[in-house]
Amino acid sequence: MGFISAHFRPVAWLAIVLSLGACSNSTENTKQFKVLTTFMPISLFTKAVAGNCAEVQALIPANSGPHDFQAKPADVNALRQAKVLVKNGLGMEGFLGKLIASADNKDLLVIDTSRGITTLDSPAEEGHAEEAHSSHSHSNHSHSSHGEVNPHIWLDPLRAVSQVENIRDGLVKADPSCAASYRRNAATYIAKLQTLNAEISNQLNPYQGKTFVAFHDFAPYFADRYKLKVDFLVDVPELNPSPADLMRVAAAVKRSQLKALLSEPQEGERSFNALAKDLGVKISVFDPMETGSVQAFQNPATYFKVMRSNVADLIKAFGG
C-alpha cells in the first residue's frame, strides 16, 4: 500500500492544484466545494447563486418537507463534510440545532438567509385573520407551532431578494476564489425576482384588500406584499383542524365571497375538501414550496414557475 500511495502522490497534488485554480477560469470546475441546504426554496436560491462553483446538496430529500423531517446518520455525516450550510432560519428548521451539534464541524459556516429581514408575527391562538400581523425585526421565542414569528419569508419575492443577497455574501466569504461568479449569478437571479414582483403586483392590484383562505399558515408575507388578507385552517400542515377552526374559516369564506379554498399539492386535506364542498366553493392550489419533486429541486427556475402558477390560481379563487 505504501508503494501505491507514494506512486500516486504527484497525481493527488496535481488534482489539488487544479481544483484550486478551477474557480478562476471559466470552465466547469471540479465541484470540490460542498454546500448543504435545508429545503426546496433554500436549495433553489443557493443553486442559482452557486452556479458551477459549488456542489449544492439538500438535507431534506425531494417530496418531504421541513415539518416532518427525521435526520439520519448520513445527514450528520454530510454536515461533517460540508463547508457551508444554508438555512431559511426563523425556526423553520427546528431539527437543525441537534443535527449541527452531532456533526461537530468546527469549520461549518451557517448562512441564515433570514438575517436582517423584517418579519411578521404568527397570530395569537384565538383570532387568525392576518390583517393583525405586525412587522418587527425577528425574535425566536416559541409561541404557536411555528414560533412567534412566521418563517415563510421566501413567498414574498422581495424578501427572497434579501435571502439571495445573504446567500451571496455567505458564499463569497466562505469561497472567495469564486466571488465574482457568486455576485454575477446572484445579480441575475435578483433581477428575475424583481421582475416577478412587478408582474405579480400588477396582476393582483385589482384584488387589494380581498381575503383568501389557505390550508396552513404560509401566506402572510405574500399577502402583506400584495395588500391582501389571508386566513388559514391550521398553523402547520401536520395539525388537525378543530371544529372552531372550520367554523372560523367558513365565516371568512362567506364574508369574502371566495370562489375557492387554496389547498397545497402535498396535502390531500380531507377536512379542507369537505369544507369546500359544504360551502359550495372549489379547491384550488397554492404551493408554498416546502417540498417538491426531484426535478423541481434541481432547477432554480422552479421558483418562478410555481409563483406564477400560484398567482393564476389565486386570481381564479377571487373569481377573476
# chains A, B, ... in the order shown; residues from 1 in each chain; ligands from 1
call {"tool": "residues_around", "arguments": {"residues": "A:Val234", "least_positions_apart": "4", "cutoff": "7 Å", "atoms": "only C-alpha atoms", "output": "PDB file with C-alpha atoms, in the first residue's frame"}}
result
ATOM      1  CA  PHE A 215     -54.770  25.373   4.317  1.00  0.00           C
ATOM      2  CA  HIS A 216     -51.840  26.213   6.627  1.00  0.00           C
ATOM      3  CA  ASP A 217     -50.292  29.464   7.776  1.00  0.00           C
ATOM      4  CA  LEU A 239     -52.168  19.663  12.760  1.00  0.00           C
ATOM      5  CA  PRO A 241     -58.258  21.369  12.432  1.00  0.00           C
TER       6      PRO A 241
END
call {"tool": "residues_around", "arguments": {"residues": "A:Gln208", "least_positions_apart": "2", "cutoff": "10 Å", "atoms": "only C-alpha atoms", "output": "NGL selection string"}}
result
:A and (201 or 204-206 or 210-211 or 223 or 226-229)
call {"tool": "select_by_dssp", "arguments": {"residues": "stretch 76-320 of chain A", "states": "alpha helix (DSSP H)", "output": "PyMOL selection string"}}
result
chain A and resi 76-81+96-103+157-174+179-204+220-225+243-256+270-279+294-298+302-317
call {"tool": "closest_residue", "arguments": {"among": "A:Asn150, A:Asn310, A:Gln298, A:Ser242", "to": "A:Val285", "atoms": "only C-alpha atoms"}}
result
A:Asn310
call {"tool": "atom_distance", "arguments": {"atom1": "atom CA of A:Glu93", "atom2": "atom CA of A:Phe39"}}
result
8.7 Å
call {"tool": "atom_distance", "arguments": {"atom1": "atom CA of A:Arg115", "atom2": "atom CA of A:Asp175"}}
result
19.6 Å
call {"tool": "closest_residue", "arguments": {"among": "A:Arg308, A:Arg183, A:Lys34, A:His67", "to": "A:Leu196", "atoms": "only C-alpha atoms"}}
result
A:Arg308
call {"tool": "select_by_dssp", "arguments": {"residues": "stretch 74-320 of chain A", "states": "strand (DSSP E)", "output": "VMD selection string"}}
result
chain A and resid 84 to 87 109 to 112 118 to 120 135 to 137 211 to 216 229 to 234 260 to 263 282 to 285
call {"tool": "residues_around", "arguments": {"residues": "A:Ser309", "least_positions_apart": "6", "cutoff": "12 Å", "atoms": "only C-alpha atoms", "output": "PyMOL selection string"}}
result
chain A and resi 196+200+284-289+302-303+315-316
call {"tool": "residues_around", "arguments": {"residues": "A:Ala58", "least_positions_apart": "6", "cutoff": "7 Å", "atoms": "only C-alpha atoms", "output": "count of residues only"}}
result
5
call {"tool": "atom_distance", "arguments": {"atom1": "atom CA of A:Leu120", "atom2": "atom CA of A:Val236"}}
result
15.9 Å
call {"tool": "residues_around", "arguments": {"residues": "A:Asp278", "least_positions_apart": "2", "cutoff": "12 Å", "atoms": "only C-alpha atoms", "output": "VMD selection string"}}
result
chain A and resid 246 to 247 249 to 250 253 to 254 260 to 261 271 to 276 280 to 283
call {"tool": "residues_around", "arguments": {"residues": "stretch 104-114 of chain A", "least_positions_apart": "2", "cutoff": "8 Å", "atoms": "only C-alpha atoms", "output": "VMD selection string"}}
result
chain A and resid 79 to 90 100 to 102 116 to 117 153 162 to 164 166 to 167 170 174
call {"tool": "write_last_selection", "arguments": {"atoms": "N, CA and C atoms", "output": "PDB file, in the first residue's frame"}}
result
ATOM      1  N   LEU A  79     -23.152  16.780   7.036  1.00  0.00           N
ATOM      2  CA  LEU A  79     -22.855  18.046   7.726  1.00  0.00           C
ATOM      3  C   LEU A  79     -21.403  18.107   8.164  1.00  0.00           C
ATOM      4  N   ARG A  80     -20.852  16.957   8.541  1.00  0.00           N
ATOM      5  CA  ARG A  80     -19.448  16.888   8.957  1.00  0.00           C
ATOM      6  C   ARG A  80     -18.527  17.293   7.819  1.00  0.00           C
ATOM      7  N   GLN A  81     -18.929  16.942   6.592  1.00  0.00           N
ATOM      8  CA  GLN A  81     -18.057  17.183   5.437  1.00  0.00           C
ATOM      9  C   GLN A  81     -18.326  18.514   4.739  1.00  0.00           C
ATOM     10  N   ALA A  82     -19.443  19.147   5.066  1.00  0.00           N
ATOM     11  CA  ALA A  82     -19.814  20.377   4.348  1.00  0.00           C
ATOM     12  C   ALA A  82     -18.996  21.569   4.832  1.00  0.00           C
ATOM     13  N   LYS A  83     -18.757  22.498   3.911  1.00  0.00           N
ATOM     14  CA  LYS A  83     -18.104  23.756   4.278  1.00  0.00           C
ATOM     15  C   LYS A  83     -19.157  24.772   4.736  1.00  0.00           C
ATOM     16  N   VAL A  84     -20.353  24.672   4.111  1.00  0.00           N
ATOM     17  CA  VAL A  84     -21.393  25.685   4.324  1.00  0.00           C
ATOM     18  C   VAL A  84     -22.744  24.984   4.467  1.00  0.00           C
ATOM     19  N   LEU A  85     -23.565  25.519   5.376  1.00  0.00           N
ATOM     20  CA  LEU A  85     -24.961  25.088   5.474  1.00  0.00           C
ATOM     21  C   LEU A  85     -25.827  26.326   5.295  1.00  0.00           C
ATOM     22  N   VAL A  86     -26.794  26.268   4.384  1.00  0.00           N
ATOM     23  CA  VAL A  86     -27.694  27.402   4.157  1.00  0.00           C
ATOM     24  C   VAL A  86     -29.081  27.027   4.671  1.00  0.00           C
ATOM     25  N   LYS A  87     -29.637  27.876   5.547  1.00  0.00           N
ATOM     26  CA  LYS A  87     -30.966  27.599   6.106  1.00  0.00           C
ATOM     27  C   LYS A  87     -31.882  28.803   5.919  1.00  0.00           C
ATOM     28  N   ASN A  88     -33.180  28.546   6.013  1.00  0.00           N
ATOM     29  CA  ASN A  88     -34.154  29.637   5.972  1.00  0.00           C
ATOM     30  C   ASN A  88     -34.061  30.469   7.245  1.00  0.00           C
ATOM     31  N   GLY A  89     -33.989  29.765   8.402  1.00  0.00           N
ATOM     32  CA  GLY A  89     -33.998  30.444   9.693  1.00  0.00           C
ATOM     33  C   GLY A  89     -35.405  30.678  10.202  1.00  0.00           C
ATOM     34  N   LEU A  90     -35.536  31.471  11.258  1.00  0.00           N
ATOM     35  CA  LEU A  90     -36.825  31.812  11.878  1.00  0.00           C
ATOM     36  C   LEU A  90     -37.558  30.576  12.416  1.00  0.00           C
ATOM     37  N   ILE A 100     -26.589  19.869  13.986  1.00  0.00           N
ATOM     38  CA  ILE A 100     -25.317  20.595  13.915  1.00  0.00           C
ATOM     39  C   ILE A 100     -24.423  20.202  15.095  1.00  0.00           C
ATOM     40  N   ALA A 101     -25.037  20.078  16.281  1.00  0.00           N
ATOM     41  CA  ALA A 101     -24.266  19.674  17.470  1.00  0.00           C
ATOM     42  C   ALA A 101     -23.670  18.279  17.274  1.00  0.00           C
ATOM     43  N   SER A 102     -24.460  17.354  16.714  1.00  0.00           N
ATOM     44  CA  SER A 102     -23.967  15.983  16.486  1.00  0.00           C
ATOM     45  C   SER A 102     -22.828  15.952  15.474  1.00  0.00           C
ATOM     46  N   GLY A 116     -31.628  40.035   8.938  1.00  0.00           N
ATOM     47  CA  GLY A 116     -31.947  41.411   8.553  1.00  0.00           C
ATOM     48  C   GLY A 116     -33.303  41.598   7.872  1.00  0.00           C
ATOM     49  N   ILE A 117     -34.075  40.526   7.744  1.00  0.00           N
ATOM     50  CA  ILE A 117     -35.371  40.636   7.047  1.00  0.00           C
ATOM     51  C   ILE A 117     -36.478  40.995   8.036  1.00  0.00           C
ATOM     52  N   ILE A 153     -40.839  33.474   4.691  1.00  0.00           N
ATOM     53  CA  ILE A 153     -40.404  34.719   4.040  1.00  0.00           C
ATOM     54  C   ILE A 153     -40.186  34.562   2.536  1.00  0.00           C
ATOM     55  N   SER A 162     -33.632  39.497  -0.546  1.00  0.00           N
ATOM     56  CA  SER A 162     -32.740  39.614   0.622  1.00  0.00           C
ATOM     57  C   SER A 162     -32.125  38.264   0.987  1.00  0.00           C
ATOM     58  N   GLN A 163     -32.908  37.186   0.843  1.00  0.00           N
ATOM     59  CA  GLN A 163     -32.363  35.853   1.126  1.00  0.00           C
ATOM     60  C   GLN A 163     -31.228  35.520   0.160  1.00  0.00           C
ATOM     61  N   VAL A 164     -31.435  35.845  -1.114  1.00  0.00           N
ATOM     62  CA  VAL A 164     -30.403  35.587  -2.127  1.00  0.00           C
ATOM     63  C   VAL A 164     -29.149  36.423  -1.830  1.00  0.00           C
ATOM     64  N   ASN A 166     -28.150  37.388   1.136  1.00  0.00           N
ATOM     65  CA  ASN A 166     -27.498  36.740   2.279  1.00  0.00           C
ATOM     66  C   ASN A 166     -26.706  35.506   1.843  1.00  0.00           C
ATOM     67  N   ILE A 167     -27.270  34.737   0.914  1.00  0.00           N
ATOM     68  CA  ILE A 167     -26.568  33.546   0.403  1.00  0.00           C
ATOM     69  C   ILE A 167     -25.303  33.982  -0.355  1.00  0.00           C
ATOM     70  N   GLY A 170     -22.606  35.098   2.074  1.00  0.00           N
ATOM     71  CA  GLY A 170     -22.047  33.954   2.798  1.00  0.00           C
ATOM     72  C   GLY A 170     -21.114  33.123   1.935  1.00  0.00           C
ATOM     73  N   ALA A 174     -17.127  32.378   2.320  1.00  0.00           N
ATOM     74  CA  ALA A 174     -16.643  31.005   2.500  1.00  0.00           C
ATOM     75  C   ALA A 174     -15.709  30.572   1.371  1.00  0.00           C
TER      76      ALA A 174
END
call {"tool": "closest_residue", "arguments": {"among": "A:Pro300, A:Pro176, A:Gly319, A:Gly91", "to": "A:Val56", "atoms": "only C-alpha atoms"}}
result
A:Pro300
call {"tool": "closest_residue", "arguments": {"among": "A:Lys277, A:Arg184, A:Lys72, A:Lys192", "to": "A:Asp169", "atoms": "only C-alpha atoms"}}
result
A:Arg184
